[in-house]
file upload.txt (compact mmCIF, N, CA and C atoms)
# COMPACT_ATOMS: atom_id res chain seq x y z
N MET A 1 -43.93 8.91 -50.53
CA MET A 1 -44.85 9.90 -50.04
C MET A 1 -44.08 10.84 -49.13
N THR A 2 -44.27 12.13 -49.31
CA THR A 2 -43.56 13.09 -48.48
C THR A 2 -44.44 13.53 -47.33
N GLU A 3 -43.81 13.91 -46.25
CA GLU A 3 -44.53 14.33 -45.05
C GLU A 3 -45.39 15.56 -45.35
N GLY A 4 -46.62 15.56 -44.91
CA GLY A 4 -47.47 16.72 -45.04
C GLY A 4 -48.34 16.75 -46.28
N THR A 5 -48.16 15.85 -47.23
CA THR A 5 -48.94 15.92 -48.46
C THR A 5 -50.40 15.59 -48.24
N LEU A 6 -50.73 14.79 -47.23
CA LEU A 6 -52.11 14.42 -47.02
C LEU A 6 -52.94 15.56 -46.45
N ALA A 7 -52.33 16.50 -45.77
CA ALA A 7 -53.07 17.58 -45.11
C ALA A 7 -53.19 18.81 -45.99
N ASP A 8 -52.69 18.77 -47.24
CA ASP A 8 -52.77 19.94 -48.11
C ASP A 8 -54.20 20.39 -48.34
N ASP A 9 -55.09 19.45 -48.55
CA ASP A 9 -56.50 19.76 -48.78
C ASP A 9 -57.36 18.99 -47.79
N PRO A 10 -57.49 19.47 -46.57
CA PRO A 10 -58.31 18.74 -45.59
C PRO A 10 -59.75 18.60 -46.09
N ARG A 11 -60.36 17.50 -45.76
CA ARG A 11 -61.74 17.19 -46.15
C ARG A 11 -62.64 17.30 -44.93
N GLU A 12 -63.91 17.61 -45.19
CA GLU A 12 -64.88 17.65 -44.11
C GLU A 12 -65.26 16.21 -43.76
N VAL A 13 -65.06 15.83 -42.51
CA VAL A 13 -65.31 14.46 -42.06
C VAL A 13 -66.24 14.49 -40.86
N ARG A 14 -67.16 13.54 -40.85
CA ARG A 14 -68.06 13.36 -39.70
C ARG A 14 -68.09 11.88 -39.39
N ILE A 15 -67.77 11.53 -38.15
CA ILE A 15 -67.82 10.15 -37.70
C ILE A 15 -68.77 10.10 -36.51
N SER A 16 -69.79 9.27 -36.62
CA SER A 16 -70.69 9.06 -35.49
C SER A 16 -70.75 7.57 -35.23
N THR A 17 -70.93 7.22 -33.96
CA THR A 17 -70.92 5.81 -33.61
C THR A 17 -71.90 5.54 -32.49
N ASP A 18 -72.41 4.32 -32.48
CA ASP A 18 -73.25 3.88 -31.37
C ASP A 18 -72.45 2.99 -30.43
N GLY A 19 -71.15 2.92 -30.65
CA GLY A 19 -70.27 2.10 -29.84
C GLY A 19 -69.85 0.83 -30.56
N ALA A 20 -70.72 0.31 -31.43
CA ALA A 20 -70.39 -0.91 -32.16
C ALA A 20 -70.21 -0.64 -33.65
N ARG A 21 -71.00 0.25 -34.18
CA ARG A 21 -70.94 0.58 -35.61
C ARG A 21 -70.66 2.07 -35.76
N ALA A 22 -69.96 2.40 -36.83
CA ALA A 22 -69.65 3.80 -37.08
C ALA A 22 -70.18 4.21 -38.43
N ASN A 23 -70.60 5.46 -38.52
CA ASN A 23 -70.97 6.08 -39.79
C ASN A 23 -69.88 7.08 -40.12
N VAL A 24 -69.25 6.90 -41.27
CA VAL A 24 -68.15 7.76 -41.70
C VAL A 24 -68.59 8.50 -42.95
N THR A 25 -68.61 9.82 -42.86
CA THR A 25 -68.99 10.66 -43.98
C THR A 25 -67.83 11.57 -44.31
N VAL A 26 -67.44 11.60 -45.60
CA VAL A 26 -66.36 12.45 -46.07
C VAL A 26 -66.92 13.35 -47.16
N ASP A 27 -66.79 14.66 -46.97
CA ASP A 27 -67.35 15.65 -47.90
C ASP A 27 -68.81 15.38 -48.20
N GLY A 28 -69.57 14.99 -47.17
CA GLY A 28 -71.00 14.76 -47.32
C GLY A 28 -71.37 13.42 -47.93
N ILE A 29 -70.40 12.57 -48.23
CA ILE A 29 -70.68 11.26 -48.83
C ILE A 29 -70.50 10.19 -47.76
N ASP A 30 -71.56 9.41 -47.52
CA ASP A 30 -71.50 8.35 -46.52
C ASP A 30 -70.72 7.16 -47.09
N LEU A 31 -69.57 6.87 -46.50
CA LEU A 31 -68.71 5.77 -46.96
C LEU A 31 -68.83 4.53 -46.07
N SER A 32 -69.70 4.56 -45.09
CA SER A 32 -69.79 3.50 -44.07
C SER A 32 -69.92 2.11 -44.67
N GLY A 33 -70.76 1.94 -45.67
CA GLY A 33 -71.00 0.62 -46.26
C GLY A 33 -69.81 0.09 -47.04
N SER A 34 -68.86 0.95 -47.35
CA SER A 34 -67.69 0.54 -48.14
C SER A 34 -66.45 0.33 -47.30
N LEU A 35 -66.56 0.50 -45.98
CA LEU A 35 -65.38 0.43 -45.13
C LEU A 35 -65.35 -0.82 -44.26
N ALA A 36 -64.16 -1.41 -44.17
CA ALA A 36 -63.92 -2.49 -43.21
C ALA A 36 -63.48 -1.90 -41.88
N ALA A 37 -62.76 -0.76 -41.95
CA ALA A 37 -62.24 -0.11 -40.74
C ALA A 37 -61.75 1.28 -41.09
N TYR A 38 -61.44 2.03 -40.04
CA TYR A 38 -60.80 3.34 -40.21
C TYR A 38 -59.96 3.61 -38.98
N THR A 39 -58.97 4.48 -39.15
CA THR A 39 -58.23 4.98 -37.99
C THR A 39 -58.21 6.49 -38.10
N LEU A 40 -58.29 7.13 -36.96
CA LEU A 40 -58.23 8.58 -36.89
C LEU A 40 -57.09 8.93 -35.95
N GLU A 41 -56.12 9.67 -36.49
CA GLU A 41 -54.95 10.06 -35.70
C GLU A 41 -54.93 11.58 -35.61
N HIS A 42 -54.77 12.08 -34.42
CA HIS A 42 -54.71 13.53 -34.23
C HIS A 42 -53.54 13.86 -33.31
N ARG A 43 -52.55 14.48 -33.89
CA ARG A 43 -51.38 14.90 -33.12
C ARG A 43 -51.49 16.40 -32.86
N ALA A 44 -50.91 16.82 -31.76
CA ALA A 44 -50.96 18.23 -31.39
C ALA A 44 -50.43 19.11 -32.53
N ASN A 45 -51.11 20.18 -32.79
CA ASN A 45 -50.72 21.19 -33.78
C ASN A 45 -50.69 20.67 -35.21
N GLN A 46 -51.44 19.60 -35.50
CA GLN A 46 -51.53 19.08 -36.86
C GLN A 46 -52.98 18.80 -37.20
N VAL A 47 -53.29 18.87 -38.49
CA VAL A 47 -54.62 18.49 -38.95
C VAL A 47 -54.75 16.98 -38.77
N PRO A 48 -55.88 16.49 -38.25
CA PRO A 48 -56.04 15.05 -38.06
C PRO A 48 -55.90 14.29 -39.39
N LEU A 49 -55.52 13.03 -39.30
CA LEU A 49 -55.39 12.16 -40.46
C LEU A 49 -56.37 11.00 -40.31
N LEU A 50 -57.23 10.84 -41.29
CA LEU A 50 -58.18 9.74 -41.33
C LEU A 50 -57.70 8.75 -42.38
N VAL A 51 -57.45 7.50 -41.98
CA VAL A 51 -57.05 6.46 -42.92
C VAL A 51 -58.22 5.49 -43.04
N LEU A 52 -58.66 5.28 -44.29
CA LEU A 52 -59.80 4.41 -44.56
C LEU A 52 -59.32 3.06 -45.07
N TYR A 53 -59.90 2.00 -44.56
CA TYR A 53 -59.59 0.64 -44.99
C TYR A 53 -60.82 0.12 -45.72
N PRO A 54 -60.78 0.10 -47.06
CA PRO A 54 -61.98 -0.29 -47.80
C PRO A 54 -62.30 -1.77 -47.65
N ARG A 55 -63.58 -2.06 -47.68
CA ARG A 55 -64.07 -3.44 -47.66
C ARG A 55 -63.90 -3.97 -49.08
N PRO A 56 -63.48 -5.21 -49.24
CA PRO A 56 -63.37 -5.75 -50.60
C PRO A 56 -64.74 -5.68 -51.29
N PRO A 57 -64.77 -5.24 -52.54
CA PRO A 57 -66.06 -5.09 -53.23
C PRO A 57 -66.74 -6.43 -53.49
N VAL A 58 -68.06 -6.46 -53.29
CA VAL A 58 -68.84 -7.64 -53.61
C VAL A 58 -69.05 -7.68 -55.11
N ASP A 59 -69.57 -6.61 -55.68
CA ASP A 59 -69.61 -6.46 -57.12
C ASP A 59 -69.56 -4.99 -57.45
N GLY A 60 -68.86 -4.71 -58.51
CA GLY A 60 -68.83 -3.35 -59.02
C GLY A 60 -67.88 -2.43 -58.28
N VAL A 61 -68.08 -1.16 -58.53
CA VAL A 61 -67.21 -0.12 -58.02
C VAL A 61 -67.61 0.23 -56.60
N VAL A 62 -66.63 0.37 -55.73
CA VAL A 62 -66.88 0.79 -54.36
C VAL A 62 -66.70 2.29 -54.23
N PHE A 63 -65.78 2.85 -54.98
CA PHE A 63 -65.49 4.28 -54.90
C PHE A 63 -65.08 4.78 -56.26
N ASP A 64 -65.53 5.97 -56.62
CA ASP A 64 -65.15 6.58 -57.88
C ASP A 64 -65.02 8.07 -57.62
N GLY A 65 -63.80 8.61 -57.62
CA GLY A 65 -63.60 10.02 -57.37
C GLY A 65 -62.17 10.35 -57.05
N MET A 66 -61.90 11.61 -56.79
CA MET A 66 -60.56 12.09 -56.46
C MET A 66 -60.36 11.99 -54.96
N THR A 67 -59.16 11.60 -54.56
CA THR A 67 -58.85 11.51 -53.13
C THR A 67 -57.35 11.47 -52.91
N HIS A 68 -56.92 11.82 -51.72
CA HIS A 68 -55.54 11.54 -51.30
C HIS A 68 -55.52 10.09 -50.87
N VAL A 69 -54.41 9.42 -51.04
CA VAL A 69 -54.31 8.02 -50.65
C VAL A 69 -53.21 7.87 -49.61
N ALA A 70 -53.55 7.20 -48.53
CA ALA A 70 -52.56 6.86 -47.51
C ALA A 70 -52.50 5.35 -47.43
N VAL A 71 -51.31 4.79 -47.46
CA VAL A 71 -51.14 3.35 -47.37
C VAL A 71 -51.00 2.99 -45.90
N ALA A 72 -51.93 2.20 -45.42
CA ALA A 72 -51.91 1.80 -44.02
C ALA A 72 -50.85 0.74 -43.80
N SER A 73 -50.18 0.83 -42.68
CA SER A 73 -49.18 -0.16 -42.33
C SER A 73 -49.48 -0.66 -40.94
N GLU A 74 -48.74 -1.66 -40.53
CA GLU A 74 -48.90 -2.17 -39.18
C GLU A 74 -48.56 -1.05 -38.20
N ALA A 75 -49.02 -1.19 -36.97
CA ALA A 75 -48.70 -0.22 -35.94
C ALA A 75 -47.19 -0.15 -35.77
N PRO A 76 -46.66 1.02 -35.43
CA PRO A 76 -45.22 1.09 -35.18
C PRO A 76 -44.83 0.03 -34.14
N PRO A 77 -43.68 -0.59 -34.30
CA PRO A 77 -43.30 -1.69 -33.40
C PRO A 77 -43.39 -1.34 -31.92
N ALA A 78 -42.97 -0.16 -31.55
CA ALA A 78 -43.01 0.19 -30.12
C ALA A 78 -44.44 0.19 -29.60
N GLU A 79 -45.39 0.69 -30.39
CA GLU A 79 -46.79 0.70 -29.96
C GLU A 79 -47.34 -0.71 -29.85
N ALA A 80 -47.03 -1.55 -30.83
CA ALA A 80 -47.51 -2.93 -30.82
C ALA A 80 -46.92 -3.70 -29.63
N ILE A 81 -45.65 -3.50 -29.38
CA ILE A 81 -45.00 -4.18 -28.25
C ILE A 81 -45.60 -3.71 -26.93
N ALA A 82 -45.77 -2.41 -26.79
CA ALA A 82 -46.35 -1.88 -25.55
C ALA A 82 -47.77 -2.40 -25.34
N ALA A 83 -48.56 -2.45 -26.41
CA ALA A 83 -49.93 -2.96 -26.29
C ALA A 83 -49.92 -4.43 -25.88
N PHE A 84 -49.03 -5.22 -26.46
CA PHE A 84 -48.92 -6.63 -26.10
C PHE A 84 -48.53 -6.80 -24.63
N LEU A 85 -47.48 -6.08 -24.21
CA LEU A 85 -46.99 -6.23 -22.84
C LEU A 85 -48.01 -5.74 -21.81
N THR A 86 -48.81 -4.74 -22.17
CA THR A 86 -49.84 -4.25 -21.26
C THR A 86 -50.84 -5.34 -20.93
N GLY A 87 -51.07 -6.25 -21.87
CA GLY A 87 -52.05 -7.31 -21.66
C GLY A 87 -51.51 -8.55 -20.97
N VAL A 88 -50.23 -8.56 -20.64
CA VAL A 88 -49.64 -9.74 -20.01
C VAL A 88 -49.90 -9.71 -18.51
N ASP A 89 -50.42 -10.81 -18.00
CA ASP A 89 -50.65 -10.97 -16.56
C ASP A 89 -49.32 -11.41 -15.94
N PRO A 90 -48.72 -10.59 -15.05
CA PRO A 90 -47.42 -10.94 -14.47
C PRO A 90 -47.42 -12.29 -13.75
N ALA A 91 -48.48 -12.59 -13.04
CA ALA A 91 -48.53 -13.87 -12.32
C ALA A 91 -48.57 -15.04 -13.30
N ALA A 92 -49.33 -14.90 -14.38
CA ALA A 92 -49.40 -15.97 -15.40
C ALA A 92 -48.05 -16.13 -16.09
N LEU A 93 -47.37 -15.02 -16.35
CA LEU A 93 -46.05 -15.09 -16.98
C LEU A 93 -45.06 -15.81 -16.07
N GLN A 94 -45.04 -15.44 -14.81
CA GLN A 94 -44.11 -16.08 -13.87
C GLN A 94 -44.38 -17.57 -13.76
N LYS A 95 -45.65 -17.94 -13.65
CA LYS A 95 -46.00 -19.36 -13.53
C LYS A 95 -45.60 -20.11 -14.79
N ALA A 96 -45.92 -19.55 -15.95
CA ALA A 96 -45.58 -20.21 -17.21
C ALA A 96 -44.07 -20.37 -17.36
N ALA A 97 -43.33 -19.34 -16.97
CA ALA A 97 -41.86 -19.40 -17.08
C ALA A 97 -41.29 -20.47 -16.14
N LEU A 98 -41.80 -20.53 -14.92
CA LEU A 98 -41.29 -21.51 -13.95
C LEU A 98 -41.68 -22.94 -14.32
N ASP A 99 -42.78 -23.09 -15.07
CA ASP A 99 -43.24 -24.42 -15.48
C ASP A 99 -42.57 -24.92 -16.77
N ARG A 100 -41.72 -24.09 -17.37
CA ARG A 100 -41.08 -24.49 -18.63
C ARG A 100 -40.10 -25.64 -18.41
N HIS A 101 -39.93 -26.43 -19.44
CA HIS A 101 -39.02 -27.58 -19.38
C HIS A 101 -37.62 -27.24 -19.85
N ASP A 102 -37.41 -26.00 -20.29
CA ASP A 102 -36.08 -25.63 -20.80
C ASP A 102 -35.29 -24.75 -19.83
N LEU A 103 -35.67 -24.75 -18.55
CA LEU A 103 -34.87 -24.03 -17.55
C LEU A 103 -33.50 -24.70 -17.48
N ASP A 104 -32.44 -23.87 -17.42
CA ASP A 104 -31.10 -24.45 -17.56
C ASP A 104 -30.19 -24.26 -16.34
N GLY A 105 -30.68 -23.69 -15.27
CA GLY A 105 -29.86 -23.56 -14.07
C GLY A 105 -28.89 -22.39 -14.08
N THR A 106 -28.88 -21.58 -15.12
CA THR A 106 -27.99 -20.42 -15.17
C THR A 106 -28.57 -19.29 -14.32
N PRO A 107 -27.75 -18.30 -13.95
CA PRO A 107 -28.24 -17.19 -13.12
C PRO A 107 -29.40 -16.40 -13.76
N THR A 108 -29.50 -16.43 -15.08
CA THR A 108 -30.56 -15.67 -15.76
C THR A 108 -31.67 -16.57 -16.28
N GLU A 109 -31.78 -17.78 -15.74
CA GLU A 109 -32.74 -18.73 -16.30
C GLU A 109 -34.19 -18.24 -16.24
N LEU A 110 -34.59 -17.56 -15.17
CA LEU A 110 -35.97 -17.08 -15.07
C LEU A 110 -36.24 -15.98 -16.11
N THR A 111 -35.31 -15.05 -16.23
CA THR A 111 -35.48 -13.99 -17.23
C THR A 111 -35.51 -14.59 -18.64
N THR A 112 -34.62 -15.51 -18.91
CA THR A 112 -34.58 -16.17 -20.22
C THR A 112 -35.89 -16.91 -20.48
N ALA A 113 -36.39 -17.61 -19.47
CA ALA A 113 -37.65 -18.35 -19.61
C ALA A 113 -38.81 -17.39 -19.85
N MET A 114 -38.82 -16.26 -19.16
CA MET A 114 -39.89 -15.28 -19.36
C MET A 114 -39.84 -14.71 -20.78
N LEU A 115 -38.66 -14.39 -21.25
CA LEU A 115 -38.54 -13.86 -22.62
C LEU A 115 -38.98 -14.90 -23.65
N ARG A 116 -38.58 -16.15 -23.46
CA ARG A 116 -39.01 -17.21 -24.37
C ARG A 116 -40.53 -17.37 -24.33
N GLN A 117 -41.09 -17.29 -23.13
CA GLN A 117 -42.54 -17.43 -22.98
C GLN A 117 -43.27 -16.28 -23.69
N LEU A 118 -42.77 -15.06 -23.50
CA LEU A 118 -43.38 -13.90 -24.16
C LEU A 118 -43.30 -14.05 -25.68
N MET A 119 -42.17 -14.55 -26.20
CA MET A 119 -42.04 -14.75 -27.65
C MET A 119 -43.05 -15.78 -28.13
N GLU A 120 -43.25 -16.84 -27.37
CA GLU A 120 -44.23 -17.85 -27.76
C GLU A 120 -45.64 -17.27 -27.76
N TRP A 121 -45.99 -16.52 -26.73
CA TRP A 121 -47.31 -15.90 -26.68
C TRP A 121 -47.48 -14.90 -27.82
N ALA A 122 -46.44 -14.13 -28.11
CA ALA A 122 -46.53 -13.12 -29.16
C ALA A 122 -46.73 -13.74 -30.54
N THR A 123 -46.26 -14.97 -30.72
CA THR A 123 -46.40 -15.62 -32.02
C THR A 123 -47.56 -16.60 -32.06
N GLY A 124 -48.48 -16.46 -31.13
CA GLY A 124 -49.71 -17.23 -31.20
C GLY A 124 -49.91 -18.29 -30.16
N GLY A 125 -48.95 -18.49 -29.28
CA GLY A 125 -49.13 -19.46 -28.20
C GLY A 125 -50.19 -18.98 -27.23
N THR A 126 -50.84 -19.87 -26.55
CA THR A 126 -51.90 -19.50 -25.62
C THR A 126 -51.34 -19.07 -24.28
N PRO A 127 -51.73 -17.87 -23.80
CA PRO A 127 -51.24 -17.40 -22.49
C PRO A 127 -51.86 -18.18 -21.35

call {"tool": "encode", "arguments": {"input": "upload.txt", "output": "structure tokens"}}
result
Amino acid sequence: MTEGTLADDPREVRISTDGARANVTVDGIDLSGSLAAYTLEHRANQVPLLVLYPRPPVDGVVFDGMTHVAVASEAPPAEAIAAFLTGVDPAALQKAALDRHDLDGTPTELTTAMLRQLMEWATGGTP
């Protein structure tokens, strides 16, 4: 996919929400019942990009028509890392690191323990 191909033909989009549920309409067609999620990205001086995540169909066709397709990927690593670190309680991290059984007495043992603890939390360990 080349940069800019999705914005060649912008579509009319309306998103309304009550805070918990959203109604997503594209070119006057309500797609809300067919979506598991959506993301809306708007960068300065660019047409916004709406990425739709379809809900797996229960039966039959969920969508039939022409559209641009964007393949959703995980958040860029820097954003995911920043979001994870923002949620870390410094006091809890320090306590968990000091309580570890693999402290080795080296000058960097606390930093090493904190990094190991963060890796464990990032891979599903309980903070």

call {"tool": "residues_around", "arguments": {"input": "upload.txt", "residues": "Pro90 in chain A", "least_positions_apart": "5", "cutoff": "12 Å", "atoms": "only C-alpha atoms", "output": "number ranges by chain"}}
result
A: 85, 95-97, 114, 117-118, 127

call {"tool": "residues_around", "arguments": {"input": "upload.txt", "residues": "Pro54 in chain A", "least_positions_apart": "6", "cutoff": "6.5 Å", "atoms": "only N, CA and C atoms", "output": "JSON, numbers by chain"}}
result
{"A": [34, 35, 36, 37]}

call {"tool": "residues_near_point", "arguments": {"input": "upload.txt", "point": "(-67.5, 13.5, -40.2)", "cutoff": "6.5 Å", "atoms": "all atoms listed in the file", "output": "mmCIF file with N, CA and C atoms, in the frame of the given file"}}
result
data_model
loop_
_atom_site.group_PDB
_atom_site.id
_atom_site.type_symbol
_atom_site.label_atom_id
_atom_site.label_comp_id
_atom_site.auth_asym_id
_atom_site.auth_seq_id
_atom_site.Cartn_x
_atom_site.Cartn_y
_atom_site.Cartn_z
ATOM 1 N N GLU A 12 -63.910 17.610 -45.190
ATOM 2 C CA GLU A 12 -64.880 17.650 -44.110
ATOM 3 C C GLU A 12 -65.260 16.210 -43.760
ATOM 4 N N VAL A 13 -65.060 15.830 -42.510
ATOM 5 C CA VAL A 13 -65.310 14.460 -42.060
ATOM 6 C C VAL A 13 -66.240 14.490 -40.860
ATOM 7 N N ARG A 14 -67.160 13.540 -40.850
ATOM 8 C CA ARG A 14 -68.060 13.360 -39.700
ATOM 9 C C ARG A 14 -68.090 11.880 -39.390
ATOM 10 N N ILE A 15 -67.770 11.530 -38.150
ATOM 11 C CA ILE A 15 -67.820 10.150 -37.700
ATOM 12 C C ILE A 15 -68.770 10.100 -36.510
ATOM 13 N N SER A 16 -69.790 9.270 -36.620
ATOM 14 C CA SER A 16 -70.690 9.060 -35.490
ATOM 15 C C SER A 16 -70.750 7.570 -35.230
ATOM 16 N N VAL A 24 -69.250 6.900 -41.270
ATOM 17 C CA VAL A 24 -68.150 7.760 -41.700
ATOM 18 C C VAL A 24 -68.590 8.500 -42.950
ATOM 19 N N THR A 25 -68.610 9.820 -42.860
ATOM 20 C CA THR A 25 -68.990 10.660 -43.980
ATOM 21 C C THR A 25 -67.830 11.570 -44.310
ATOM 22 N N VAL A 26 -67.440 11.600 -45.600
ATOM 23 C CA VAL A 26 -66.360 12.450 -46.070
ATOM 24 C C VAL A 26 -66.920 13.350 -47.160
#

call {"tool": "residues_near_point", "arguments": {"input": "upload.txt", "point": "(-39.8, -19.9, -17.7)", "cutoff": "8 Å", "atoms": "only N, CA and C atoms", "output": "ChimeraX atom specification"}}
result
/A:93-103,109-117

call {"tool": "atom_distance", "arguments": {"input": "upload.txt", "atom1": "CA of Leu52 in chain A", "atom2": "CA of Tyr38 in chain A"}}
result
4.6 Å

call {"tool": "atom_distance", "arguments": {"input": "upload.txt", "atom1": "CA of Asp30 in chain A", "atom2": "CA of Arg55 in chain A"}}
result
14.0 Å

call {"tool": "axis_aligned_box", "arguments": {"input": "upload.txt", "around": "range 13-19 of chain A", "padding_each_side": "5 Å", "output": "JSON"}}
result
{"center_x": -69.2, "center_y": 8.3, "center_z": -36.2, "size_x": 18.2, "size_y": 25.0, "size_z": 22.7}

call {"tool": "atom_distance", "arguments": {"input": "upload.txt", "atom1": "CA of Thr123 in chain A", "atom2": "CA of Gly105 in chain A"}}
result
25.7 Å

call {"tool": "closest_residue", "arguments": {"input": "upload.txt", "among": "A:Met119, A:Leu50, A:Ala44, A:Ala20", "to": "Ile81 in chain A", "atoms": "only C-alpha atoms"}}
result
A:Met119

call {"tool": "select_by_dssp", "arguments": {"input": "upload.txt", "residues": "range 74-125 of chain A", "states": "alpha helix (DSSP H)", "output": "ChimeraX atom specification"}}
result
/A:77-86,90-98,109-122
